[in-house]
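Listing of upload-v7.tsv, TSV, C-alpha atoms and all ligand atoms
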chain	number	residue	atom	x	y	z
X	228	MET	CA	23.71	-18.26	-12.74
X	229	ASN	CA	20.77	-16.28	-11.33
X	230	THR	CA	21.70	-12.61	-10.94
X	231	GLN	CA	18.38	-11.41	-9.51
X	232	SER	CA	19.04	-9.30	-6.42
X	233	PRO	CA	16.96	-9.93	-3.27
X	234	PRO	CA	13.80	-7.95	-2.52
X	235	LEU	CA	14.08	-4.91	-0.26
X	236	ALA	CA	11.06	-5.91	1.75
X	237	VAL	CA	8.39	-8.52	2.28
X	238	LEU	CA	4.86	-7.43	3.12
X	239	ALA	CA	3.31	-10.02	5.42
X	240	GLU	CA	-0.45	-9.56	5.18
X	241	LEU	CA	-1.23	-11.53	8.31
X	242	THR	CA	-5.00	-11.33	7.94
X	243	HIS	CA	-7.74	-9.67	5.96
X	244	ARG	CA	-9.82	-9.21	9.13
X	245	CYS	CA	-10.20	-5.53	10.05
X	246	PRO	CA	-12.58	-3.48	12.18
X	247	LEU	CA	-12.57	-0.68	9.58
X	248	GLN	CA	-14.30	-0.65	6.22
X	249	CYS	CA	-12.38	1.94	4.18
X	250	PRO	CA	-13.78	2.27	0.67
X	251	TYR	CA	-10.28	2.45	-0.88
X	252	CYS	CA	-8.83	-0.66	0.81
X	253	SER	CA	-6.09	-2.26	-1.29
X	254	ASN	CA	-7.08	-5.77	-0.21
X	255	PRO	CA	-8.73	-7.87	-2.94
X	256	LEU	CA	-12.52	-7.85	-3.30
X	257	ALA	CA	-12.51	-11.56	-2.45
X	258	LEU	CA	-11.19	-11.24	1.11
X	259	GLU	CA	-9.57	-14.34	2.62
X	260	GLY	CA	-11.32	-15.67	5.74
X	261	VAL	CA	-9.82	-16.56	9.11
X	262	ASP	CA	-9.96	-20.32	8.38
X	263	ASP	CA	-7.60	-19.86	5.43
X	264	GLU	CA	-4.96	-17.90	7.37
X	265	LEU	CA	-1.46	-19.30	7.84
X	266	GLY	CA	-0.74	-20.52	11.36
X	267	THR	CA	2.00	-19.16	13.63
X	268	GLU	CA	4.58	-21.75	12.57
X	269	GLU	CA	3.92	-21.05	8.91
X	270	TRP	CA	4.30	-17.29	9.43
X	271	CYS	CA	7.51	-17.94	11.39
X	272	ARG	CA	8.81	-19.79	8.36
X	273	VAL	CA	7.90	-16.79	6.16
X	274	VAL	CA	9.92	-14.58	8.52
X	275	ASP	CA	12.89	-16.99	8.46
X	276	GLU	CA	12.81	-17.18	4.68
X	277	THR	CA	12.53	-13.39	4.37
X	278	ALA	CA	15.80	-13.10	6.26
X	279	ALA	CA	17.38	-15.98	4.30
X	280	LEU	CA	16.42	-14.24	1.08
X	281	GLY	CA	18.45	-11.18	2.08
X	282	ALA	CA	15.53	-8.70	2.42
X	283	TYR	CA	16.08	-5.76	4.81
X	284	GLN	CA	12.57	-5.18	6.04
X	285	ILE	CA	9.39	-6.98	6.94
X	286	HIS	CA	6.12	-5.09	7.09
X	287	PHE	CA	3.38	-6.66	9.20
X	288	SER	CA	0.15	-5.62	7.58
X	289	GLY	CA	-3.39	-6.75	6.87
X	290	GLY	CA	-6.33	-6.10	7.14
X	291	GLU	CA	-5.51	-5.24	10.69
X	292	PRO	CA	-2.43	-7.26	11.78
X	293	THR	CA	-3.02	-6.66	15.49
X	294	VAL	CA	-6.05	-8.99	15.42
X	295	ARG	CA	-3.46	-11.80	15.33
X	296	LYS	CA	-2.48	-12.77	18.87
X	297	ASP	CA	0.84	-14.14	17.60
X	298	LEU	CA	2.02	-10.76	16.29
X	299	PRO	CA	4.59	-10.26	19.10
X	300	THR	CA	6.01	-13.75	18.38
X	301	LEU	CA	6.46	-12.88	14.72
X	302	VAL	CA	7.97	-9.48	15.48
X	303	ARG	CA	10.45	-11.08	17.90
X	304	ARG	CA	11.41	-13.70	15.34
X	305	ALA	CA	12.04	-11.02	12.70
X	306	ALA	CA	13.98	-8.76	15.06
X	307	ASP	CA	16.16	-11.68	16.22
X	308	LEU	CA	17.05	-12.31	12.58
X	309	GLY	CA	18.08	-8.68	12.09
X	310	LEU	CA	15.11	-7.62	9.95
X	311	TYR	CA	13.80	-4.06	10.25
X	312	THR	CA	10.26	-4.44	11.57
X	313	ASN	CA	7.36	-2.18	10.64
X	314	LEU	CA	3.76	-2.47	11.76
X	315	ILE	CA	1.13	-1.09	9.38
X	316	THR	CA	-1.98	-0.58	11.48
X	317	SER	CA	-5.25	1.29	11.95
X	318	GLY	CA	-4.34	1.45	15.66
X	319	ILE	CA	-7.89	0.61	16.70
X	320	LEU	CA	-6.96	-2.50	18.70
X	321	LEU	CA	-3.76	-1.15	20.29
X	322	ASP	CA	-3.32	-0.02	23.87
X	323	GLU	CA	-0.38	0.81	26.13
X	324	LEU	CA	0.32	-2.80	27.11
X	325	LYS	CA	0.17	-4.13	23.55
X	326	ILE	CA	2.50	-1.38	22.34
X	327	ALA	CA	4.95	-2.13	25.17
X	328	THR	CA	4.82	-5.87	24.33
X	329	LEU	CA	5.50	-5.23	20.66
X	330	MET	CA	8.31	-2.86	21.46
X	331	GLU	CA	9.88	-5.34	23.86
X	332	ALA	CA	9.64	-7.94	21.07
X	333	GLY	CA	11.75	-5.66	18.86
X	334	LEU	CA	9.27	-3.58	16.87
X	335	GLU	CA	11.02	-0.51	15.40
X	336	HIS	CA	8.44	1.45	13.49
X	337	VAL	CA	4.68	1.98	13.30
X	338	GLN	CA	2.77	3.29	10.33
X	339	LEU	CA	-0.59	4.49	11.61
X	340	SER	CA	-3.45	5.29	9.25
X	341	LEU	CA	-5.70	8.32	9.67
X	342	GLN	CA	-8.71	8.84	7.42
X	343	ASP	CA	-9.18	12.59	7.93
X	344	THR	CA	-8.38	15.38	10.38
X	345	SER	CA	-11.53	15.33	12.54
X	346	ALA	CA	-13.88	12.71	13.89
X	347	LYS	CA	-16.99	13.17	11.77
X	348	PRO	CA	-15.48	12.81	8.28
X	349	ALA	CA	-12.79	10.37	9.44
X	350	ASP	CA	-15.30	7.98	11.04
X	351	ARG	CA	-17.54	8.18	7.99
X	352	ILE	CA	-14.66	7.17	5.71
X	353	ALA	CA	-13.53	4.40	8.09
X	354	GLY	CA	-17.09	3.13	8.46
X	355	MET	CA	-16.65	3.01	12.24
X	356	GLN	CA	-17.82	5.22	15.10
X	357	ALA	CA	-15.20	6.78	17.40
X	358	ALA	CA	-12.33	5.39	15.32
X	359	HIS	CA	-10.59	8.76	14.88
X	360	GLU	CA	-10.52	9.58	18.59
X	361	LYS	CA	-9.02	6.18	19.35
X	362	LYS	CA	-6.36	6.63	16.65
X	363	LEU	CA	-5.25	9.98	18.05
X	364	ALA	CA	-4.88	8.43	21.50
X	365	VAL	CA	-2.86	5.53	20.04
X	366	ALA	CA	-0.59	7.94	18.15
X	367	SER	CA	0.35	9.54	21.48
X	368	LEU	CA	0.97	6.14	23.07
X	369	ILE	CA	3.26	5.16	20.19
X	370	ARG	CA	5.31	8.34	20.55
X	371	ASP	CA	5.36	8.10	24.36
X	372	ALA	CA	6.77	4.59	24.01
X	373	GLY	CA	9.60	6.00	21.88
X	374	LEU	CA	8.69	4.19	18.66
X	375	SER	CA	9.18	5.83	15.27
X	376	LEU	CA	5.84	6.97	13.89
X	377	THR	CA	4.67	7.51	10.33
X	378	ILE	CA	1.17	8.81	9.73
X	379	ASN	CA	-0.39	7.51	6.56
X	380	CYS	CA	-3.43	9.18	5.06
X	381	VAL	CA	-5.08	8.14	1.82
X	382	PHE	CA	-6.32	11.25	0.02
X	383	HIS	CA	-9.23	11.57	-2.40
X	384	ARG	CA	-11.98	13.96	-3.46
X	385	GLN	CA	-13.69	13.86	-0.06
X	386	ASN	CA	-10.72	14.83	2.14
X	387	LEU	CA	-8.17	16.55	-0.08
X	388	GLU	CA	-9.34	19.99	1.05
X	389	ARG	CA	-7.86	19.16	4.45
X	390	LEU	CA	-4.36	18.20	3.30
X	391	GLY	CA	-2.80	21.26	4.99
X	392	ALA	CA	-4.61	20.44	8.24
X	393	MET	CA	-3.37	16.83	8.03
X	394	ILE	CA	0.22	18.05	7.72
X	395	ASP	CA	-0.29	20.18	10.86
X	396	LEU	CA	-1.87	17.25	12.68
X	397	ALA	CA	1.07	14.96	11.85
X	398	VAL	CA	3.45	17.56	13.34
X	399	ASP	CA	1.26	17.90	16.47
X	400	LEU	CA	1.23	14.12	16.90
X	401	GLY	CA	5.04	14.01	16.83
X	402	ALA	CA	5.23	11.91	13.66
X	403	GLU	CA	8.59	11.77	11.92
X	404	ARG	CA	7.05	11.10	8.56
X	405	LEU	CA	3.76	11.71	6.76
X	406	GLU	CA	2.83	9.50	3.88
X	407	ILE	CA	0.39	11.33	1.63
X	408	ALA	CA	-1.01	8.48	-0.39
X	409	HIS	CA	-3.32	9.33	-3.22
X	410	THR	CA	-5.90	6.62	-3.74
X	411	GLN	CA	-4.73	3.83	-6.02
X	412	TYR	CA	-7.58	2.66	-8.20
X	413	TYR	CA	-7.65	-1.08	-7.79
X	414	GLY	CA	-9.10	-3.34	-5.07
X	415	TRP	CA	-12.02	-1.65	-3.32
X	416	ALA	CA	-11.13	1.79	-4.66
X	417	ILE	CA	-12.13	0.83	-8.18
X	418	LYS	CA	-15.67	0.17	-6.90
X	419	ASN	CA	-15.62	3.66	-5.37
X	420	ARG	CA	-13.78	5.61	-8.05
X	421	ARG	CA	-16.75	7.89	-8.78
X	422	ALA	CA	-16.84	8.85	-5.11
X	423	LEU	CA	-13.08	9.24	-4.72
X	424	LEU	CA	-11.49	10.67	-7.86
X	425	PRO	CA	-10.32	14.24	-7.14
X	426	SER	CA	-10.55	17.14	-9.57
X	427	ARG	CA	-7.55	18.70	-11.32
X	428	LYS	CA	-8.11	21.87	-9.30
X	429	GLN	CA	-7.85	19.91	-6.04
X	430	ILE	CA	-4.65	18.24	-7.21
X	431	GLU	CA	-3.02	21.51	-8.22
X	432	ALA	CA	-3.85	23.02	-4.81
X	433	ALA	CA	-2.51	19.89	-3.06
X	434	ASN	CA	0.77	19.96	-5.00
X	435	ALA	CA	1.33	23.60	-3.96
X	436	ILE	CA	0.56	22.84	-0.29
X	437	VAL	CA	3.09	20.01	-0.28
X	438	VAL	CA	5.85	22.11	-1.89
X	439	GLU	CA	5.37	24.85	0.73
X	440	ALA	CA	5.16	22.41	3.67
X	441	GLU	CA	8.26	20.49	2.59
X	442	LYS	CA	10.30	23.72	2.77
X	443	ARG	CA	8.77	24.91	6.03
X	444	LEU	CA	9.04	21.57	7.85
X	445	LYS	CA	12.52	20.52	6.75
X	446	GLY	CA	14.09	18.62	9.65
X	447	ILE	CA	10.74	18.38	11.47
X	448	LEU	CA	8.51	16.23	9.27
X	449	LEU	CA	9.47	14.17	6.26
X	450	ILE	CA	6.67	14.28	3.70
X	451	ASP	CA	6.38	11.35	1.37
X	452	TYR	CA	4.27	12.47	-1.58
X	453	VAL	CA	3.66	10.87	-4.94
X	454	PRO	CA	1.37	12.83	-7.29
X	455	PRO	CA	-1.75	10.88	-8.22
X	456	ASP	CA	-1.72	8.60	-11.21
X	457	TYR	CA	-4.65	9.97	-13.16
X	458	TYR	CA	-3.11	13.45	-13.30
X	459	ALA	CA	0.48	12.40	-13.98
X	460	ARG	CA	2.24	12.62	-17.36
X	461	ARG	CA	4.32	9.52	-16.74
X	462	PRO	CA	3.43	6.52	-14.56
X	463	LYS	CA	5.03	5.61	-11.26
X	464	ALA	CA	7.33	2.61	-11.00
X	465	CYS	CA	4.64	0.48	-9.40
X	466	MET	CA	6.21	-1.60	-6.58
X	467	GLY	CA	9.60	-0.34	-7.81
X	468	GLY	CA	9.13	-2.58	-10.86
X	469	TRP	CA	7.36	-5.93	-11.02
X	470	GLY	CA	9.23	-8.63	-9.09
X	471	ASN	CA	12.06	-6.18	-8.50
X	472	GLN	CA	11.85	-4.96	-4.89
X	473	PHE	CA	8.83	-6.37	-3.06
X	474	MET	CA	6.91	-9.53	-2.27
X	475	ASN	CA	3.43	-9.69	-0.71
X	476	VAL	CA	2.40	-12.77	1.20
X	477	SER	CA	-1.40	-13.03	1.49
X	478	PRO	CA	-3.11	-14.31	4.69
X	479	SER	CA	-3.41	-17.79	3.17
X	480	GLY	CA	0.21	-17.84	1.97
X	481	LYS	CA	-0.11	-16.85	-1.69
X	482	VAL	CA	2.97	-14.93	-2.77
X	483	LEU	CA	2.23	-11.96	-5.02
X	484	PRO	CA	4.33	-9.31	-6.76
X	485	CYS	CA	1.79	-6.62	-5.76
X	486	HIS	CA	-1.56	-6.15	-3.97
X	487	ALA	CA	-3.70	-6.46	-7.05
X	488	ALA	CA	-1.78	-9.12	-8.96
X	489	GLU	CA	-4.57	-11.67	-8.57
X	490	THR	CA	-6.73	-9.58	-10.90
X	491	ILE	CA	-4.44	-10.65	-13.77
X	492	PRO	CA	-6.23	-13.76	-15.01
X	493	ASP	CA	-3.52	-15.90	-16.59
X	494	LEU	CA	-1.01	-15.84	-13.71
X	495	HIS	CA	-0.48	-18.67	-11.21
X	496	PHE	CA	0.66	-17.67	-7.73
X	497	ASP	CA	2.73	-20.09	-5.69
X	498	ASN	CA	1.94	-20.65	-2.03
X	499	ILE	CA	4.40	-20.58	0.83
X	500	ARG	CA	2.84	-23.87	1.98
X	501	GLU	CA	4.24	-25.56	-1.15
X	502	ARG	CA	7.32	-23.63	-2.19
X	503	SER	CA	9.96	-21.60	-0.35
X	504	LEU	CA	10.05	-17.81	-0.58
X	505	VAL	CA	13.53	-17.94	-2.14
X	506	ASP	CA	12.38	-20.37	-4.78
X	507	ILE	CA	9.31	-18.26	-5.54
X	508	TRP	CA	11.34	-15.04	-5.79
X	509	LEU	CA	13.84	-16.56	-8.20
X	510	GLY	CA	11.74	-19.01	-10.15
X	511	SER	CA	8.00	-18.48	-10.00
X	512	ASP	CA	6.30	-17.75	-13.31
X	513	ALA	CA	4.24	-14.93	-11.78
X	514	PHE	CA	7.34	-13.03	-10.60
X	515	ARG	CA	9.19	-13.56	-13.87
X	516	ARG	CA	6.28	-12.65	-16.15
X	517	PHE	CA	6.77	-8.83	-16.07
X	518	ARG	CA	10.22	-8.62	-14.47
X	519	GLY	CA	12.78	-6.50	-16.32
X	520	THR	CA	12.13	-5.14	-19.80
X	521	ASP	CA	11.87	-8.16	-22.14
X	522	TRP	CA	8.06	-8.32	-21.89
X	523	MET	CA	7.60	-4.66	-22.89
X	524	PRO	CA	5.71	-3.50	-25.96
X	525	GLU	CA	6.43	-0.24	-27.77
X	526	PRO	CA	6.60	2.60	-26.83
X	527	CYS	CA	8.16	1.32	-23.55
X	528	ARG	CA	10.61	-1.05	-25.23
X	529	SER	CA	12.62	1.77	-26.80
X	530	CYS	CA	11.87	4.45	-24.18
X	531	GLU	CA	14.63	6.00	-22.09
X	532	ARG	CA	12.46	5.64	-18.96
X	533	ARG	CA	11.96	1.88	-19.30
X	534	GLU	CA	14.21	1.11	-16.33
X	535	ILE	CA	12.89	4.07	-14.33
X	536	ASP	CA	9.15	3.44	-14.29
X	537	TRP	CA	9.25	-0.12	-15.70
X	538	GLY	CA	6.26	0.65	-17.93
X	539	GLY	CA	4.04	1.64	-14.97
X	540	CYS	CA	1.47	-0.56	-13.29
X	541	ARG	CA	0.49	-3.93	-14.80
X	542	CYS	CA	-2.76	-4.12	-12.83
X	543	GLN	CA	-3.81	-0.65	-13.92
X	544	ALA	CA	-2.95	-1.50	-17.53
X	545	LEU	CA	-5.20	-4.56	-17.27
X	546	LEU	CA	-8.04	-2.71	-15.60
X	547	LEU	CA	-8.10	0.12	-18.11
X	548	THR	CA	-7.08	-1.56	-21.37
X	549	GLY	CA	-7.94	-5.23	-20.75
X	550	ASN	CA	-4.29	-6.21	-21.32
X	551	ALA	CA	-1.80	-6.45	-18.44
X	552	ALA	CA	1.10	-6.34	-20.91
X	553	SER	CA	0.20	-2.98	-22.41
X	554	THR	CA	1.85	0.33	-21.54
X	555	ASP	CA	0.20	1.84	-18.47
X	556	PRO	CA	-2.33	4.29	-19.98
X	557	ILE	CA	-1.33	6.90	-17.37
X	558	CYS	CA	1.67	7.53	-19.64
X	559	GLU	CA	1.02	10.26	-22.21
X	560	LEU	CA	3.02	8.18	-24.70
X	561	SER	CA	0.60	5.25	-24.38
X	562	PRO	CA	-1.76	4.77	-27.34
X	563	ASP	CA	-4.51	4.34	-24.71
X	564	HIS	CA	-3.86	7.56	-22.80
X	565	ASP	CA	-7.06	9.14	-24.07
X	566	LEU	CA	-8.96	6.71	-21.82
X	567	ILE	CA	-7.59	8.61	-18.80
X	568	ARG	CA	-8.58	12.01	-20.13
X	569	ARG	CA	-12.12	10.78	-20.76
X	570	LEU	CA	-12.34	9.08	-17.40
X	571	VAL	CA	-11.20	12.13	-15.44
X	572	LYS	CA	-13.64	14.30	-17.38
X	573	SER	CA	-16.60	12.03	-16.74
X	574	GLU	CA	-15.95	11.03	-13.11
X	575	ALA	CA	-13.97	13.72	-11.28
X	576	GLY	CA	-16.63	16.42	-11.30
X	577	GLU	CA	-19.67	14.38	-10.27
X	578	THR	CA	-21.57	14.62	-7.02
X	579	PRO	CA	-20.06	11.62	-5.22
X	580	PRO	CA	-22.29	8.56	-4.84
X	581	PRO	CA	-22.42	6.81	-1.42
X	582	PHE	CA	-19.40	4.68	-0.51
X	583	HIS	CA	-19.38	0.97	-1.19
X	584	TYR	CA	-17.67	-0.07	2.05
X	585	ARG	CA	-15.14	-2.89	2.32
X	586	ARG	CA	-16.88	-5.92	3.80
X	587	MET	CA	-16.24	-9.65	3.93
X	588	GLY	CA	-18.32	-11.18	1.12
X	589	GLY	CA	-18.38	-7.87	-0.84
P	1	LIG	FE1	7.42	4.65	-19.00
P	1	LIG	FE2	6.68	3.19	-21.09
P	1	LIG	FE3	5.77	5.69	-20.83
P	1	LIG	FE4	8.35	5.28	-21.41
P	1	LIG	S1	6.58	4.78	-22.70
P	1	LIG	S2	7.56	6.72	-19.92
P	1	LIG	S3	8.75	3.35	-20.23
P	1	LIG	S4	5.34	3.91	-19.47
P	2	LIG	FE1	-0.06	-4.57	-9.54
P	2	LIG	FE2	0.77	-2.01	-9.88
P	2	LIG	S1	-0.74	-2.81	-8.49
P	2	LIG	S2	1.60	-3.82	-10.75
Can you present the structure in this file as structure tokens?
Amino acid sequence: MNTQSPPLAVLAELTHRCPLQCPYCSNPLALEGVDDELGTEEWCRVVDETAALGAYQIHFSGGEPTVRKDLPTLVRRAADLGLYTNLITSGILLDELKIATLMEAGLEHVQLSLQDTSAKPADRIAGMQAAHEKKLAVASLIRDAGLSLTINCVFHRQNLERLGAMIDLAVDLGAERLEIAHTQYYGWAIKNRRALLPSRKQIEAANAIVVEAEKRLKGILLIDYVPPDYYARRPKACMGGWGNQFMNVSPSGKVLPCHAAETIPDLHFDNIRERSLVDIWLGSDAFRRFRGTDWMPEPCRSCERREIDWGGCRCQALLLTGNAASTDPICELSPDHDLIRRLVKSEAGETPPPFHYRRMGG
């Protein structure tokens, strides 16, 4: 009998198309083109199977999911099936009518990204003129419509000084939650690590700002903060453990345990066009490969945290050690941890090089 519990959520990456070009985008370097995208009926089937699987939530993401004209259809389908619906968006393509249409279709929550607290640095990071101004206007429209709003900001060396100002801005915009996301170094961010990696001093200041703000804003703003990997003593439970809580469906229907899973060379990813989501969750080799603790090497295998952080991030382990099955080198107990110390020393203090922006075709 299979005792695997269902995922909490499915991330439906409807498209890799996006008007922004953020240098830390978590999409793969080989972006999938519009011709490869699943059609409306196929995405409807993903929604149906998400509900059949017993997941609670579906996140509509991208790229920029609002480039898909069928987004309201998919939201309605999910809402009708009782799924909690969340839209992860840059906001650039939204307006009052589109927000009203999505809300009428059953959308419950919007996670809006901001790149910085003012136009000049924010537009430079986004790689798009006037993006910040548009986002602020959309944030107000979302709140005026009565939708729940989370502001998400990815932090790094070039905006971390304005963390306190971002907390104030989230309060001013009426957000219920602020997600302070330190850059994760895979996807496009790995190309830009020398431009993005913060210093230890910046991180210490940021940690103190968050502790103070959490106390001051209790009941006003929920702050979601995970300290950054490269300065942590133990790794995070990436994706809540491999194949444990989440599934990502790529624009072309590939089903992945995490954003960066395709960087792991010896894994085969099933496609929703050929196999059902339930079948993939329970039986696909890619989901089973690092699920649980059987795959773990020492020191994870006998560590008391093995079912807390699940050995950290497989993609990071691969990137830094060349072996996806090694202990995440973020962990101070990893035999490879010295790599992190050296990396922080050599990259965090440099004058940042220009961004390598996210673009179709690299
Ligand atoms: Fe986590 Fe493994 Fe480090 Fe233990 S040894 S804290 S399980 S990464
Ligand atoms: Fe793939 Fe962490 S990003 S396991």
Quiz prompt | One-decimal distance in Å that lies between atom CA of Val302 of chain X and atom CA of Val261 of chain X | solution =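 Value for the atom CA of Val261 of chain X-atom CA of Val302 of chain X distance: 20.2 Å.
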Exercise. Considering only C-alpha atoms and all ligand atoms, state which residue in the set X:Glu559, X:Glu276, X:Glu269, X:Glu259 is at the smallest distance from ligand LIG 1 (chain P).
Key: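 Using only C-alpha atoms and all ligand atoms, the shortest distance to ligand LIG 1 (chain P) belongs to X:Glu559.
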Quiz item: Any idea what's packed within 7 Å of segment 468-479 of chain X, counting all atoms listed in the file, ignoring anything in its chain fewer than 3 positions away? Could you give it as a PyMOL selection string?
Solution: chain X and resi 234-243+259+263-265+464-465+482-486+514-515+517-518+536-537
Practice problem: Find the distance between atom CA of Ala440 of chain X and atom CA of His409 of chain X and write it in Å to one decimal. | Solution: 17.0 Å
Residues of chain X that approach ligand LIG 1 (chain P) to 6 Å or less, counting all atoms listed in the file: could you list each one with the shortest pair of atoms and its distance in Å to one decimal, rows by chain and increasing residue number, as CSV?
residue,atom,partner,partner_atom,distance
X:Arg461,CA,P:LIG1,S2,5.3
X:Pro462,CA,P:LIG1,S4,5.9
X:Pro526,CA,P:LIG1,S1,4.7
X:Cys527,CA,P:LIG1,FE2,3.4
X:Cys530,CA,P:LIG1,FE4,4.6
X:Arg532,CA,P:LIG1,S3,4.5
X:Arg533,CA,P:LIG1,S3,3.7
X:Asp536,CA,P:LIG1,FE1,5.2
X:Trp537,CA,P:LIG1,S3,5.7
X:Gly538,CA,P:LIG1,S4,3.7
X:Gly539,CA,P:LIG1,S4,5.2
X:Thr554,CA,P:LIG1,S4,5.4
X:Asp555,CA,P:LIG1,S4,5.6
X:Cys558,CA,P:LIG1,FE3,4.6
X:Leu560,CA,P:LIG1,S1,5.3
Practice problem: For atom CA of Gln284 of chain X and atom CA of Thr267 of chain X, determine how far apart the two atoms are, in Å to one decimal place. | Solution: 19.1 Å
Please report, as JSON, the centre and edge lengths in Å to one decimal of an axis-aligned box covering all listed atoms of segment 251-263 of chain X with 3 Å per side.
{"center_x": -9.3, "center_y": -8.9, "center_z": 2.9, "size_x": 12.4, "size_y": 28.8, "size_z": 18.4}
Practice problem: Skip Leu321 of chain X itself and residues of its chain fewer than 6 positions away, then list as a PyMOL selection string all residues within 9 Å of it, counting all atoms listed in the file. | Solution: chain X and resi 293+362+365
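For the residues X:Gly391, X:Gly373, X:Gly414, X:Gly309, ranking by smallest atom-to-atom distance to ligand LIG 2 (chain P) using only C-alpha atoms and all ligand atoms places X:Gly414 first.
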Quiz item: Closest to Leu545 of chain X among X:Leu405, X:Ala575, X:Ile450, X:Ile491, using all atoms listed in the file?
Solution: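 Among the listed residues, the smallest separation from Leu545 of chain X belongs to X:Ile491.
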Quiz item: Which is closer to Gln411 of chain X than all the others in X:Ser253, X:Gln231, X:Gln356, X:Thr578, using only C-alpha atoms?
Solution: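 The closest residue to Gln411 of chain X is X:Ser253.
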Quiz item: For ligand LIG 2 (chain P), which of X:Met587, X:Ala488, X:Val453, X:Ile535 is the closest residue, counting all atoms listed in the file?
Solution: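 Closest to ligand LIG 2 (chain P) of all the choices is X:Ala488.
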Quiz prompt | Which residue of X:Pro562, X:Asn419, X:Tyr413, X:Ser503 approaches ligand LIG 2 (chain P) most closely, using only C-alpha atoms and all ligand atoms | solution = X:Tyr413
Within 8 Å of Arg389 of chain X using all atoms listed in the file, minus same-chain residues under 3 positions, as a short mmCIF file (atom, residue, chain, number, x, y, z; two decimals) with C-alpha atoms, keeping the file's coordinate frame:
data_model
loop_
_atom_site.label_atom_id
_atom_site.label_comp_id
_atom_site.auth_asym_id
_atom_site.auth_seq_id
_atom_site.Cartn_x
_atom_site.Cartn_y
_atom_site.Cartn_z
CA ASP X 343 -9.18 12.59 7.93
CA THR X 344 -8.38 15.38 10.38
CA ASN X 386 -10.72 14.83 2.14
CA ALA X 392 -4.61 20.44 8.24
CA MET X 393 -3.37 16.83 8.03
#
Exercise. Would you mind listing what lies within 10 Å of Ile319 of chain X as a list in words, with all atoms listed in the file counted and same-chain residues fewer than 5 positions away left out?
Key: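 What passes the distance filter is Cys245, Pro246, Leu247, Glu291, Thr293, Val294, Leu339, Ser340, Ala357, Ala358, His359, Glu360, Lys361, Lys362, Leu363, Ala364 and Val365 of chain X.
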